[in-house]
file query_25.txt (compact mmCIF, N, CA and C atoms)
# COMPACT_ATOMS: atom_id res chain seq x y z
N ALA A 281 43.14 23.78 -16.78
CA ALA A 281 43.76 25.02 -17.22
C ALA A 281 42.99 26.22 -16.69
N PHE A 282 41.64 26.10 -16.69
CA PHE A 282 40.82 27.20 -16.19
C PHE A 282 41.08 27.44 -14.70
N GLU A 283 41.17 26.36 -13.95
CA GLU A 283 41.41 26.50 -12.51
C GLU A 283 42.77 27.12 -12.23
N ARG A 284 43.78 26.71 -13.01
CA ARG A 284 45.12 27.28 -12.83
C ARG A 284 45.09 28.77 -13.16
N HIS A 285 44.39 29.11 -14.23
CA HIS A 285 44.33 30.53 -14.60
C HIS A 285 43.53 31.35 -13.58
N LEU A 286 42.55 30.74 -12.96
CA LEU A 286 41.81 31.43 -11.90
C LEU A 286 42.76 31.79 -10.76
N LEU A 287 43.65 30.86 -10.41
CA LEU A 287 44.65 31.16 -9.38
C LEU A 287 45.58 32.28 -9.83
N GLU A 288 45.99 32.24 -11.10
CA GLU A 288 46.82 33.32 -11.64
C GLU A 288 46.10 34.65 -11.56
N THR A 289 44.81 34.64 -11.89
CA THR A 289 44.02 35.87 -11.87
C THR A 289 43.96 36.45 -10.46
N LYS A 290 43.82 35.59 -9.46
CA LYS A 290 43.84 36.08 -8.08
C LYS A 290 45.19 36.72 -7.77
N GLY A 291 46.26 36.15 -8.30
CA GLY A 291 47.58 36.77 -8.15
C GLY A 291 47.67 38.10 -8.86
N HIS A 292 47.00 38.21 -10.01
CA HIS A 292 46.99 39.48 -10.74
C HIS A 292 46.27 40.56 -9.94
N VAL A 293 45.19 40.18 -9.29
CA VAL A 293 44.46 41.13 -8.45
C VAL A 293 45.37 41.63 -7.34
N GLU A 294 46.10 40.73 -6.72
CA GLU A 294 47.03 41.13 -5.65
C GLU A 294 48.13 42.03 -6.21
N ALA A 295 48.62 41.72 -7.39
CA ALA A 295 49.66 42.55 -8.00
C ALA A 295 49.13 43.96 -8.25
N LEU A 296 47.90 44.06 -8.73
CA LEU A 296 47.32 45.38 -8.96
C LEU A 296 47.12 46.14 -7.65
N ARG A 297 46.68 45.44 -6.64
CA ARG A 297 46.54 46.09 -5.32
C ARG A 297 47.88 46.60 -4.83
N ASP A 298 48.92 45.79 -5.00
CA ASP A 298 50.27 46.20 -4.58
C ASP A 298 50.73 47.42 -5.36
N VAL A 299 50.49 47.42 -6.67
CA VAL A 299 50.89 48.55 -7.51
C VAL A 299 50.17 49.82 -7.05
N LEU A 300 48.88 49.71 -6.83
CA LEU A 300 48.12 50.89 -6.38
C LEU A 300 48.61 51.37 -5.02
N HIS A 301 48.92 50.43 -4.14
CA HIS A 301 49.45 50.79 -2.83
C HIS A 301 50.79 51.51 -2.98
N ASP A 302 51.67 50.95 -3.82
CA ASP A 302 52.98 51.57 -4.05
C ASP A 302 52.84 52.98 -4.60
N LEU A 303 51.82 53.19 -5.42
CA LEU A 303 51.59 54.51 -6.00
C LEU A 303 50.78 55.42 -5.08
N GLN A 304 50.38 54.86 -3.94
CA GLN A 304 49.55 55.58 -2.97
C GLN A 304 48.25 56.06 -3.62
N VAL A 305 47.66 55.16 -4.38
CA VAL A 305 46.40 55.44 -5.06
C VAL A 305 45.33 54.54 -4.46
N ARG A 306 44.26 55.15 -4.05
CA ARG A 306 43.13 54.37 -3.53
C ARG A 306 42.16 54.17 -4.68
N ALA A 307 41.82 52.94 -4.91
CA ALA A 307 40.89 52.64 -5.99
C ALA A 307 39.91 51.58 -5.52
N ASP A 308 38.66 51.85 -5.73
CA ASP A 308 37.62 50.90 -5.38
C ASP A 308 37.29 50.08 -6.63
N PRO A 309 37.04 48.78 -6.44
CA PRO A 309 36.68 47.96 -7.60
C PRO A 309 35.40 48.49 -8.25
N GLU A 310 35.38 48.40 -9.56
CA GLU A 310 34.17 48.78 -10.29
C GLU A 310 34.02 47.85 -11.48
N GLU A 311 32.79 47.68 -11.90
CA GLU A 311 32.53 46.79 -13.02
C GLU A 311 33.02 47.42 -14.32
N SER A 312 33.51 46.57 -15.18
CA SER A 312 33.97 47.00 -16.49
C SER A 312 32.84 46.82 -17.50
N PRO A 313 32.40 47.91 -18.13
CA PRO A 313 31.36 47.76 -19.16
C PRO A 313 31.81 46.84 -20.30
N ALA A 314 33.09 46.90 -20.66
CA ALA A 314 33.58 46.03 -21.73
C ALA A 314 33.49 44.57 -21.33
N LEU A 315 33.90 44.26 -20.11
CA LEU A 315 33.82 42.88 -19.63
C LEU A 315 32.38 42.42 -19.53
N GLN A 316 31.51 43.28 -19.04
CA GLN A 316 30.10 42.93 -18.95
C GLN A 316 29.52 42.65 -20.34
N GLY A 317 29.97 43.41 -21.33
CA GLY A 317 29.53 43.15 -22.70
C GLY A 317 29.98 41.79 -23.19
N LEU A 318 31.21 41.41 -22.85
CA LEU A 318 31.70 40.09 -23.24
C LEU A 318 30.91 38.98 -22.54
N VAL A 319 30.56 39.21 -21.29
CA VAL A 319 29.76 38.22 -20.55
C VAL A 319 28.40 38.04 -21.23
N GLU A 320 27.76 39.14 -21.58
CA GLU A 320 26.46 39.07 -22.26
C GLU A 320 26.58 38.39 -23.61
N GLU A 321 27.63 38.72 -24.34
CA GLU A 321 27.85 38.09 -25.64
C GLU A 321 28.03 36.59 -25.47
N HIS A 322 28.76 36.18 -24.45
CA HIS A 322 28.98 34.75 -24.19
C HIS A 322 27.66 34.06 -23.87
N LYS A 323 26.82 34.70 -23.06
CA LYS A 323 25.53 34.10 -22.72
C LYS A 323 24.69 33.88 -23.97
N GLN A 324 24.68 34.87 -24.85
CA GLN A 324 23.90 34.75 -26.09
C GLN A 324 24.44 33.64 -26.98
N LEU A 325 25.76 33.60 -27.11
CA LEU A 325 26.38 32.57 -27.94
C LEU A 325 26.12 31.18 -27.36
N ALA A 326 26.22 31.06 -26.04
CA ALA A 326 25.98 29.76 -25.40
C ALA A 326 24.55 29.28 -25.66
N LYS A 327 23.59 30.20 -25.62
CA LYS A 327 22.20 29.83 -25.92
C LYS A 327 22.06 29.36 -27.36
N GLN A 328 22.71 30.06 -28.27
CA GLN A 328 22.60 29.74 -29.69
C GLN A 328 23.19 28.37 -30.03
N VAL A 329 24.23 27.98 -29.33
CA VAL A 329 24.90 26.72 -29.67
C VAL A 329 24.50 25.58 -28.74
N SER A 330 23.58 25.81 -27.82
CA SER A 330 23.23 24.80 -26.83
C SER A 330 22.72 23.51 -27.46
N GLU A 331 22.11 23.60 -28.61
CA GLU A 331 21.58 22.41 -29.28
C GLU A 331 22.65 21.70 -30.10
N GLY A 332 23.81 22.32 -30.24
CA GLY A 332 24.85 21.77 -31.12
C GLY A 332 25.75 20.74 -30.49
N GLY A 333 25.53 20.40 -29.25
CA GLY A 333 26.34 19.38 -28.60
C GLY A 333 27.46 19.97 -27.76
N PRO A 334 28.12 19.10 -26.99
CA PRO A 334 29.14 19.59 -26.05
C PRO A 334 30.36 20.21 -26.71
N LEU A 335 30.78 19.69 -27.86
CA LEU A 335 31.95 20.28 -28.51
C LEU A 335 31.69 21.71 -28.93
N LEU A 336 30.53 21.96 -29.50
CA LEU A 336 30.18 23.31 -29.92
C LEU A 336 30.08 24.23 -28.71
N GLY A 337 29.53 23.72 -27.62
CA GLY A 337 29.47 24.50 -26.38
C GLY A 337 30.86 24.83 -25.86
N ASP A 338 31.76 23.84 -25.90
CA ASP A 338 33.14 24.08 -25.46
C ASP A 338 33.82 25.13 -26.33
N LEU A 339 33.53 25.08 -27.62
CA LEU A 339 34.10 26.09 -28.52
C LEU A 339 33.60 27.49 -28.17
N ALA A 340 32.33 27.59 -27.82
CA ALA A 340 31.76 28.89 -27.42
C ALA A 340 32.43 29.39 -26.15
N HIS A 341 32.66 28.49 -25.21
CA HIS A 341 33.33 28.89 -23.95
C HIS A 341 34.78 29.32 -24.23
N ALA A 342 35.45 28.58 -25.10
CA ALA A 342 36.83 28.93 -25.43
C ALA A 342 36.90 30.29 -26.11
N GLN A 343 35.91 30.58 -26.97
CA GLN A 343 35.86 31.88 -27.63
C GLN A 343 35.70 32.99 -26.59
N ALA A 344 34.84 32.77 -25.61
CA ALA A 344 34.62 33.78 -24.57
C ALA A 344 35.89 34.01 -23.75
N VAL A 345 36.59 32.94 -23.44
CA VAL A 345 37.83 33.07 -22.68
C VAL A 345 38.86 33.85 -23.50
N ALA A 346 38.98 33.53 -24.78
CA ALA A 346 39.94 34.24 -25.63
C ALA A 346 39.63 35.72 -25.70
N ALA A 347 38.36 36.06 -25.86
CA ALA A 347 37.97 37.47 -25.92
C ALA A 347 38.32 38.18 -24.61
N THR A 348 38.10 37.51 -23.49
CA THR A 348 38.41 38.10 -22.19
C THR A 348 39.91 38.31 -22.05
N GLU A 349 40.69 37.33 -22.47
CA GLU A 349 42.15 37.47 -22.39
C GLU A 349 42.63 38.66 -23.21
N HIS A 350 42.07 38.83 -24.40
CA HIS A 350 42.45 39.98 -25.23
C HIS A 350 42.14 41.29 -24.50
N LEU A 351 40.98 41.37 -23.90
CA LEU A 351 40.60 42.57 -23.17
C LEU A 351 41.57 42.84 -22.01
N GLU A 352 41.89 41.81 -21.27
CA GLU A 352 42.82 41.96 -20.14
C GLU A 352 44.19 42.40 -20.63
N MET A 353 44.67 41.82 -21.72
CA MET A 353 45.99 42.19 -22.22
C MET A 353 46.04 43.65 -22.63
N VAL A 354 45.01 44.13 -23.27
CA VAL A 354 44.96 45.54 -23.67
C VAL A 354 44.96 46.44 -22.44
N ALA A 355 44.22 46.05 -21.42
CA ALA A 355 44.16 46.86 -20.20
C ALA A 355 45.53 46.92 -19.52
N TYR A 356 46.21 45.79 -19.41
CA TYR A 356 47.53 45.78 -18.79
C TYR A 356 48.54 46.55 -19.63
N GLN A 357 48.47 46.42 -20.94
CA GLN A 357 49.38 47.16 -21.81
C GLN A 357 49.17 48.66 -21.67
N SER A 358 47.92 49.08 -21.64
CA SER A 358 47.62 50.52 -21.49
C SER A 358 48.12 51.03 -20.15
N ALA A 359 47.88 50.27 -19.09
CA ALA A 359 48.32 50.69 -17.76
C ALA A 359 49.85 50.73 -17.68
N ALA A 360 50.51 49.75 -18.29
CA ALA A 360 51.98 49.74 -18.29
C ALA A 360 52.53 50.93 -19.06
N ASN A 361 51.93 51.24 -20.20
CA ASN A 361 52.37 52.41 -20.97
C ASN A 361 52.20 53.69 -20.18
N LEU A 362 51.07 53.81 -19.48
CA LEU A 362 50.83 55.00 -18.67
C LEU A 362 51.86 55.09 -17.55
N ALA A 363 52.12 53.98 -16.88
CA ALA A 363 53.10 53.98 -15.80
C ALA A 363 54.48 54.39 -16.32
N GLU A 364 54.84 53.87 -17.46
CA GLU A 364 56.13 54.22 -18.06
C GLU A 364 56.19 55.70 -18.41
N THR A 365 55.09 56.22 -18.93
CA THR A 365 55.03 57.63 -19.32
C THR A 365 55.23 58.56 -18.14
N VAL A 366 54.71 58.18 -16.98
CA VAL A 366 54.84 59.05 -15.80
C VAL A 366 56.07 58.69 -14.96
N GLY A 367 56.96 57.85 -15.51
CA GLY A 367 58.21 57.56 -14.84
C GLY A 367 58.18 56.45 -13.80
N GLU A 368 57.14 55.67 -13.80
CA GLU A 368 57.02 54.56 -12.85
C GLU A 368 57.45 53.26 -13.53
N GLU A 369 58.73 53.16 -13.81
CA GLU A 369 59.26 52.02 -14.56
C GLU A 369 59.03 50.69 -13.84
N ALA A 370 59.21 50.66 -12.53
CA ALA A 370 59.01 49.41 -11.77
C ALA A 370 57.56 48.94 -11.89
N VAL A 371 56.64 49.86 -11.85
CA VAL A 371 55.22 49.53 -11.99
C VAL A 371 54.96 49.00 -13.40
N ALA A 372 55.54 49.66 -14.40
CA ALA A 372 55.36 49.23 -15.78
C ALA A 372 55.88 47.81 -15.97
N ILE A 373 57.01 47.51 -15.39
CA ILE A 373 57.58 46.17 -15.50
C ILE A 373 56.66 45.14 -14.87
N ARG A 374 56.14 45.45 -13.70
CA ARG A 374 55.24 44.52 -13.01
C ARG A 374 53.97 44.28 -13.82
N LEU A 375 53.43 45.34 -14.39
CA LEU A 375 52.21 45.19 -15.20
C LEU A 375 52.48 44.39 -16.47
N ARG A 376 53.64 44.57 -17.05
CA ARG A 376 53.98 43.80 -18.25
C ARG A 376 54.19 42.32 -17.92
N GLU A 377 54.69 42.04 -16.73
CA GLU A 377 54.82 40.64 -16.30
C GLU A 377 53.45 39.98 -16.21
N VAL A 378 52.48 40.70 -15.67
CA VAL A 378 51.12 40.18 -15.59
C VAL A 378 50.56 39.99 -17.00
N MET A 379 50.83 40.96 -17.87
CA MET A 379 50.36 40.87 -19.24
C MET A 379 50.95 39.64 -19.94
N GLU A 380 52.20 39.34 -19.68
CA GLU A 380 52.82 38.15 -20.27
C GLU A 380 52.13 36.88 -19.81
N GLN A 381 51.70 36.84 -18.56
CA GLN A 381 50.95 35.68 -18.08
C GLN A 381 49.62 35.56 -18.82
N GLU A 382 48.99 36.70 -19.09
CA GLU A 382 47.74 36.69 -19.85
C GLU A 382 47.99 36.20 -21.28
N GLU A 383 49.11 36.60 -21.87
CA GLU A 383 49.44 36.14 -23.21
C GLU A 383 49.61 34.62 -23.24
N LEU A 384 50.27 34.07 -22.22
CA LEU A 384 50.42 32.62 -22.14
C LEU A 384 49.07 31.92 -21.99
N ALA A 385 48.20 32.51 -21.19
CA ALA A 385 46.86 31.94 -21.03
C ALA A 385 46.12 31.95 -22.36
N LEU A 386 46.26 33.03 -23.10
CA LEU A 386 45.61 33.11 -24.42
C LEU A 386 46.16 32.03 -25.36
N GLU A 387 47.47 31.83 -25.34
CA GLU A 387 48.07 30.79 -26.18
C GLU A 387 47.49 29.42 -25.84
N GLN A 388 47.32 29.15 -24.56
CA GLN A 388 46.74 27.87 -24.14
C GLN A 388 45.30 27.73 -24.62
N VAL A 389 44.55 28.81 -24.52
CA VAL A 389 43.16 28.78 -24.98
C VAL A 389 43.12 28.56 -26.49
N GLU A 390 44.00 29.21 -27.21
CA GLU A 390 44.03 29.05 -28.67
C GLU A 390 44.37 27.62 -29.05
N ARG A 391 45.31 27.00 -28.33
CA ARG A 391 45.65 25.60 -28.61
C ARG A 391 44.45 24.70 -28.32
N ALA A 392 43.78 24.95 -27.20
CA ALA A 392 42.61 24.15 -26.84
C ALA A 392 41.50 24.34 -27.87
N ARG A 393 41.32 25.57 -28.31
CA ARG A 393 40.28 25.85 -29.30
C ARG A 393 40.59 25.14 -30.62
N ALA A 394 41.85 25.14 -31.02
CA ALA A 394 42.23 24.44 -32.25
C ALA A 394 41.97 22.94 -32.12
N LYS A 395 42.26 22.39 -30.96
CA LYS A 395 42.00 20.97 -30.73
C LYS A 395 40.50 20.69 -30.78
N LEU A 396 39.71 21.55 -30.17
CA LEU A 396 38.25 21.39 -30.19
C LEU A 396 37.71 21.48 -31.61
N LEU A 397 38.23 22.42 -32.38
CA LEU A 397 37.79 22.55 -33.77
C LEU A 397 38.11 21.29 -34.56
N ALA A 398 39.31 20.75 -34.35
CA ALA A 398 39.69 19.52 -35.04
C ALA A 398 38.76 18.38 -34.64
N GLU A 399 38.42 18.30 -33.38
CA GLU A 399 37.49 17.27 -32.91
C GLU A 399 36.11 17.46 -33.54
N GLN A 400 35.66 18.71 -33.66
CA GLN A 400 34.36 18.99 -34.26
C GLN A 400 34.35 18.57 -35.72
N VAL A 401 35.39 18.91 -36.43
CA VAL A 401 35.49 18.54 -37.84
C VAL A 401 35.51 17.03 -37.98
N GLU A 402 36.28 16.36 -37.14
CA GLU A 402 36.38 14.89 -37.20
C GLU A 402 35.03 14.24 -36.89
N SER A 403 34.30 14.79 -35.90
CA SER A 403 33.01 14.20 -35.55
C SER A 403 31.99 14.39 -36.68
N GLU A 404 32.11 15.46 -37.43
CA GLU A 404 31.20 15.70 -38.55
C GLU A 404 31.49 14.77 -39.72
N ARG A 405 32.74 14.30 -39.82
CA ARG A 405 33.10 13.37 -40.89
C ARG A 405 32.51 12.00 -40.66
N LEU A 406 32.30 11.68 -39.39
CA LEU A 406 31.80 10.33 -39.05
C LEU A 406 30.37 10.19 -39.30
call {"tool": "encode", "arguments": {"input": "query_25.txt", "output": "C-alpha cells"}}
result
Amino acid sequence: AFERHLLETKGHVEALRDVLHDLQVRADPEESPALQGLVEEHKQLAKQVSEGGPLLGDLAHAQAVAATEHLEMVAYQSAANLAETVGEEAVAIRLREVMEQEELALEQVERARAKLLAEQVESERL
C-alpha cells in the first residue's frame, strides 16, 4: 500500500506542477515546517516504541502516515478553496481530485491501523 501511494504521490507532484504551469506561476520547492515537525515527531515516537516489538513499531509508522495524510488533505483543500475563490474552477476541481486520493489513502491507513491494534490486543491476551 505504501509503494502504491508513493506512486500516487509522484502523480500528485506532477498534477501540482501542471496546475502551476496552467496558472503561469513559477514556484520552487521548499520544505514544509509542518511536515518536518511530523517527521521529527515520528522519529521520537519510533524511538520510544522501539522496545515494544514490531507491532507497536508498525502502529507508530501508521500513526505517522495518518498524520501526514491529514496535513496533505488540509493543504489541498486550502489550495482548492483559494483557486475557486479566484475563479480557477478547473484548478479547484483538479486539486480536489488529488485530495480525494489522499482521503482514500487515509482510509486505507486507518483500516491497517485498526487491524494492527486488533493484533496487538490479541497478542497481549496470549
call {"tool": "atom_distance", "arguments": {"input": "query_25.txt", "atom1": "CA of Leu351 in chain A", "atom2": "CA of Gln400 in chain A"}}
result
26.8 Å
call {"tool": "residues_around", "arguments": {"input": "query_25.txt", "residues": "Ala385 in chain A", "least_positions_apart": "6", "cutoff": "8 Å", "atoms": "all atoms listed in the file", "output": "PyMOL selection string"}}
result
chain A and resi 285+345-346+349+379+391
call {"tool": "atom_distance", "arguments": {"input": "query_25.txt", "atom1": "atom N of Gln304 in chain A", "atom2": "CA of Glu382 in chain A"}}
result
24.3 Å
call {"tool": "closest_residue", "arguments": {"input": "query_25.txt", "among": "A:Val371, A:Leu325, A:Val401, A:Leu318", "to": "Gly337 in chain A", "atoms": "all atoms listed in the file"}}
result
A:Leu325
call {"tool": "closest_residue", "arguments": {"input": "query_25.txt", "among": "A:Ala281, A:Leu339, A:Ala326, A:Leu303", "to": "Leu397 in chain A", "atoms": "all atoms listed in the file"}}
result
A:Leu339
call {"tool": "closest_residue", "arguments": {"input": "query_25.txt", "among": "A:Lys290, A:Ala340, A:Tyr356, A:Ala363", "to": "Asp302 in chain A", "atoms": "only C-alpha atoms"}}
result
A:Ala363
call {"tool": "closest_residue", "arguments": {"input": "query_25.txt", "among": "A:Arg405, A:Lys327, A:His292, A:His322", "to": "Glu352 in chain A", "atoms": "only C-alpha atoms"}}
result
A:His292
call {"tool": "select_by_dssp", "arguments": {"input": "query_25.txt", "residues": "chain A", "states": "alpha helix (DSSP H)", "output": "PyMOL selection string"}}
result
chain A and resi 282-302+313-329+334-365+369-405
call {"tool": "atom_distance", "arguments": {"input": "query_25.txt", "atom1": "atom C of Val389 in chain A", "atom2": "atom N of Leu362 in chain A"}}
result
27.4 Å
call {"tool": "axis_aligned_box", "arguments": {"input": "query_25.txt", "around": "range 335-340 of chain A", "padding_each_side": "6 Å", "output": "JSON"}}
result
{"center_x": 31.8, "center_y": 24.5, "center_z": -27.7, "size_x": 16.6, "size_y": 21.7, "size_z": 16.5}
call {"tool": "closest_residue", "arguments": {"input": "query_25.txt", "among": "A:Leu384, A:Val305, A:Leu286, A:Ala344", "to": "Glu320 in chain A", "atoms": "only C-alpha atoms"}}
result
A:Ala344
call {"tool": "closest_residue", "arguments": {"input": "query_25.txt", "among": "A:Leu396, A:Gln328, A:Lys323, A:His350", "to": "Gln381 in chain A", "atoms": "only C-alpha atoms"}}
result
A:His350
call {"tool": "decode", "arguments": {"input": "query_25.txt", "residues": "range 393-404 of chain A", "atoms": "all heavy atoms", "output": "PDB file, in the first residue's frame"}}
result
ATOM      1  N   ARG A 393      -4.338   0.371  10.495  1.00  0.00           N
ATOM      2  CA  ARG A 393      -4.066   0.668  11.906  1.00  0.00           C
ATOM      3  C   ARG A 393      -5.030  -0.083  12.814  1.00  0.00           C
ATOM      4  O   ARG A 393      -4.622  -0.628  13.835  1.00  0.00           O
ATOM      5  CB  ARG A 393      -4.137   2.179  12.142  1.00  0.00           C
ATOM      6  CG  ARG A 393      -3.655   2.568  13.512  1.00  0.00           C
ATOM      7  CD  ARG A 393      -3.381   4.019  13.661  1.00  0.00           C
ATOM      8  NE  ARG A 393      -4.491   4.871  13.258  1.00  0.00           N
ATOM      9  CZ  ARG A 393      -4.517   6.172  13.418  1.00  0.00           C
ATOM     10  NH1 ARG A 393      -3.486   6.786  13.965  1.00  0.00           N
ATOM     11  NH2 ARG A 393      -5.539   6.885  13.028  1.00  0.00           N
ATOM     12  N   ALA A 394      -6.295  -0.158  12.427  1.00  0.00           N
ATOM     13  CA  ALA A 394      -7.274  -0.908  13.225  1.00  0.00           C
ATOM     14  C   ALA A 394      -6.901  -2.388  13.275  1.00  0.00           C
ATOM     15  O   ALA A 394      -6.993  -3.023  14.339  1.00  0.00           O
ATOM     16  CB  ALA A 394      -8.675  -0.732  12.638  1.00  0.00           C
ATOM     17  N   LYS A 395      -6.447  -2.924  12.157  1.00  0.00           N
ATOM     18  CA  LYS A 395      -6.021  -4.325  12.120  1.00  0.00           C
ATOM     19  C   LYS A 395      -4.803  -4.532  13.023  1.00  0.00           C
ATOM     20  O   LYS A 395      -4.730  -5.513  13.772  1.00  0.00           O
ATOM     21  CB  LYS A 395      -5.697  -4.732  10.684  1.00  0.00           C
ATOM     22  CG  LYS A 395      -5.293  -6.170  10.543  1.00  0.00           C
ATOM     23  CD  LYS A 395      -4.993  -6.518   9.093  1.00  0.00           C
ATOM     24  CE  LYS A 395      -4.482  -7.949   9.005  1.00  0.00           C
ATOM     25  NZ  LYS A 395      -4.099  -8.314   7.656  1.00  0.00           N
ATOM     26  N   LEU A 396      -3.852  -3.615  12.964  1.00  0.00           N
ATOM     27  CA  LEU A 396      -2.668  -3.711  13.813  1.00  0.00           C
ATOM     28  C   LEU A 396      -3.032  -3.632  15.292  1.00  0.00           C
ATOM     29  O   LEU A 396      -2.483  -4.365  16.122  1.00  0.00           O
ATOM     30  CB  LEU A 396      -1.659  -2.616  13.463  1.00  0.00           C
ATOM     31  CG  LEU A 396      -0.925  -2.770  12.141  1.00  0.00           C
ATOM     32  CD1 LEU A 396      -0.188  -1.480  11.793  1.00  0.00           C
ATOM     33  CD2 LEU A 396       0.032  -3.952  12.196  1.00  0.00           C
ATOM     34  N   LEU A 397      -3.951  -2.741  15.617  1.00  0.00           N
ATOM     35  CA  LEU A 397      -4.388  -2.624  17.011  1.00  0.00           C
ATOM     36  C   LEU A 397      -5.037  -3.917  17.487  1.00  0.00           C
ATOM     37  O   LEU A 397      -4.780  -4.380  18.603  1.00  0.00           O
ATOM     38  CB  LEU A 397      -5.365  -1.457  17.171  1.00  0.00           C
ATOM     39  CG  LEU A 397      -4.748  -0.080  17.295  1.00  0.00           C
ATOM     40  CD1 LEU A 397      -5.825   0.996  17.188  1.00  0.00           C
ATOM     41  CD2 LEU A 397      -3.974   0.062  18.581  1.00  0.00           C
ATOM     42  N   ALA A 398      -5.863  -4.509  16.632  1.00  0.00           N
ATOM     43  CA  ALA A 398      -6.505  -5.775  16.986  1.00  0.00           C
ATOM     44  C   ALA A 398      -5.457  -6.858  17.197  1.00  0.00           C
ATOM     45  O   ALA A 398      -5.562  -7.666  18.137  1.00  0.00           O
ATOM     46  CB  ALA A 398      -7.497  -6.179  15.895  1.00  0.00           C
ATOM     47  N   GLU A 399      -4.448  -6.888  16.352  1.00  0.00           N
ATOM     48  CA  GLU A 399      -3.362  -7.860  16.505  1.00  0.00           C
ATOM     49  C   GLU A 399      -2.603  -7.619  17.810  1.00  0.00           C
ATOM     50  O   GLU A 399      -2.233  -8.571  18.500  1.00  0.00           O
ATOM     51  CB  GLU A 399      -2.401  -7.793  15.318  1.00  0.00           C
ATOM     52  CG  GLU A 399      -2.979  -8.335  14.036  1.00  0.00           C
ATOM     53  CD  GLU A 399      -2.045  -8.156  12.846  1.00  0.00           C
ATOM     54  OE1 GLU A 399      -0.847  -7.838  13.035  1.00  0.00           O
ATOM     55  OE2 GLU A 399      -2.516  -8.322  11.708  1.00  0.00           O
ATOM     56  N   GLN A 400      -2.366  -6.359  18.151  1.00  0.00           N
ATOM     57  CA  GLN A 400      -1.656  -6.031  19.388  1.00  0.00           C
ATOM     58  C   GLN A 400      -2.457  -6.487  20.598  1.00  0.00           C
ATOM     59  O   GLN A 400      -1.919  -7.099  21.517  1.00  0.00           O
ATOM     60  CB  GLN A 400      -1.375  -4.523  19.468  1.00  0.00           C
ATOM     61  CG  GLN A 400      -0.649  -4.088  20.709  1.00  0.00           C
ATOM     62  CD  GLN A 400       0.799  -4.540  20.741  1.00  0.00           C
ATOM     63  OE1 GLN A 400       1.416  -4.784  19.715  1.00  0.00           O
ATOM     64  NE2 GLN A 400       1.339  -4.675  21.929  1.00  0.00           N
ATOM     65  N   VAL A 401      -3.740  -6.220  20.584  1.00  0.00           N
ATOM     66  CA  VAL A 401      -4.599  -6.627  21.690  1.00  0.00           C
ATOM     67  C   VAL A 401      -4.611  -8.141  21.798  1.00  0.00           C
ATOM     68  O   VAL A 401      -4.497  -8.706  22.897  1.00  0.00           O
ATOM     69  CB  VAL A 401      -6.034  -6.063  21.508  1.00  0.00           C
ATOM     70  CG1 VAL A 401      -7.021  -6.714  22.471  1.00  0.00           C
ATOM     71  CG2 VAL A 401      -6.029  -4.560  21.680  1.00  0.00           C
ATOM     72  N   GLU A 402      -4.730  -8.831  20.668  1.00  0.00           N
ATOM     73  CA  GLU A 402      -4.764 -10.295  20.669  1.00  0.00           C
ATOM     74  C   GLU A 402      -3.442 -10.872  21.190  1.00  0.00           C
ATOM     75  O   GLU A 402      -3.441 -11.822  21.963  1.00  0.00           O
ATOM     76  CB  GLU A 402      -5.044 -10.821  19.259  1.00  0.00           C
ATOM     77  CG  GLU A 402      -5.218 -12.315  19.190  1.00  0.00           C
ATOM     78  CD  GLU A 402      -6.392 -12.837  20.004  1.00  0.00           C
ATOM     79  OE1 GLU A 402      -7.388 -12.114  20.172  1.00  0.00           O
ATOM     80  OE2 GLU A 402      -6.307 -13.974  20.485  1.00  0.00           O
ATOM     81  N   SER A 403      -2.314 -10.267  20.790  1.00  0.00           N
ATOM     82  CA  SER A 403      -1.028 -10.784  21.242  1.00  0.00           C
ATOM     83  C   SER A 403      -0.840 -10.576  22.749  1.00  0.00           C
ATOM     84  O   SER A 403      -0.181 -11.365  23.409  1.00  0.00           O
ATOM     85  CB  SER A 403       0.123 -10.133  20.472  1.00  0.00           C
ATOM     86  OG  SER A 403       0.286  -8.784  20.845  1.00  0.00           O
ATOM     87  N   GLU A 404      -1.431  -9.532  23.292  1.00  0.00           N
ATOM     88  CA  GLU A 404      -1.329  -9.281  24.733  1.00  0.00           C
ATOM     89  C   GLU A 404      -2.187 -10.253  25.534  1.00  0.00           C
ATOM     90  O   GLU A 404      -1.899 -10.518  26.688  1.00  0.00           O
ATOM     91  CB  GLU A 404      -1.707  -7.838  25.052  1.00  0.00           C
ATOM     92  CG  GLU A 404      -0.670  -6.850  24.567  1.00  0.00           C
ATOM     93  CD  GLU A 404      -1.064  -5.395  24.793  1.00  0.00           C
ATOM     94  OE1 GLU A 404      -2.178  -5.139  25.342  1.00  0.00           O
ATOM     95  OE2 GLU A 404      -0.280  -4.525  24.406  1.00  0.00           O
TER      96      GLU A 404
END
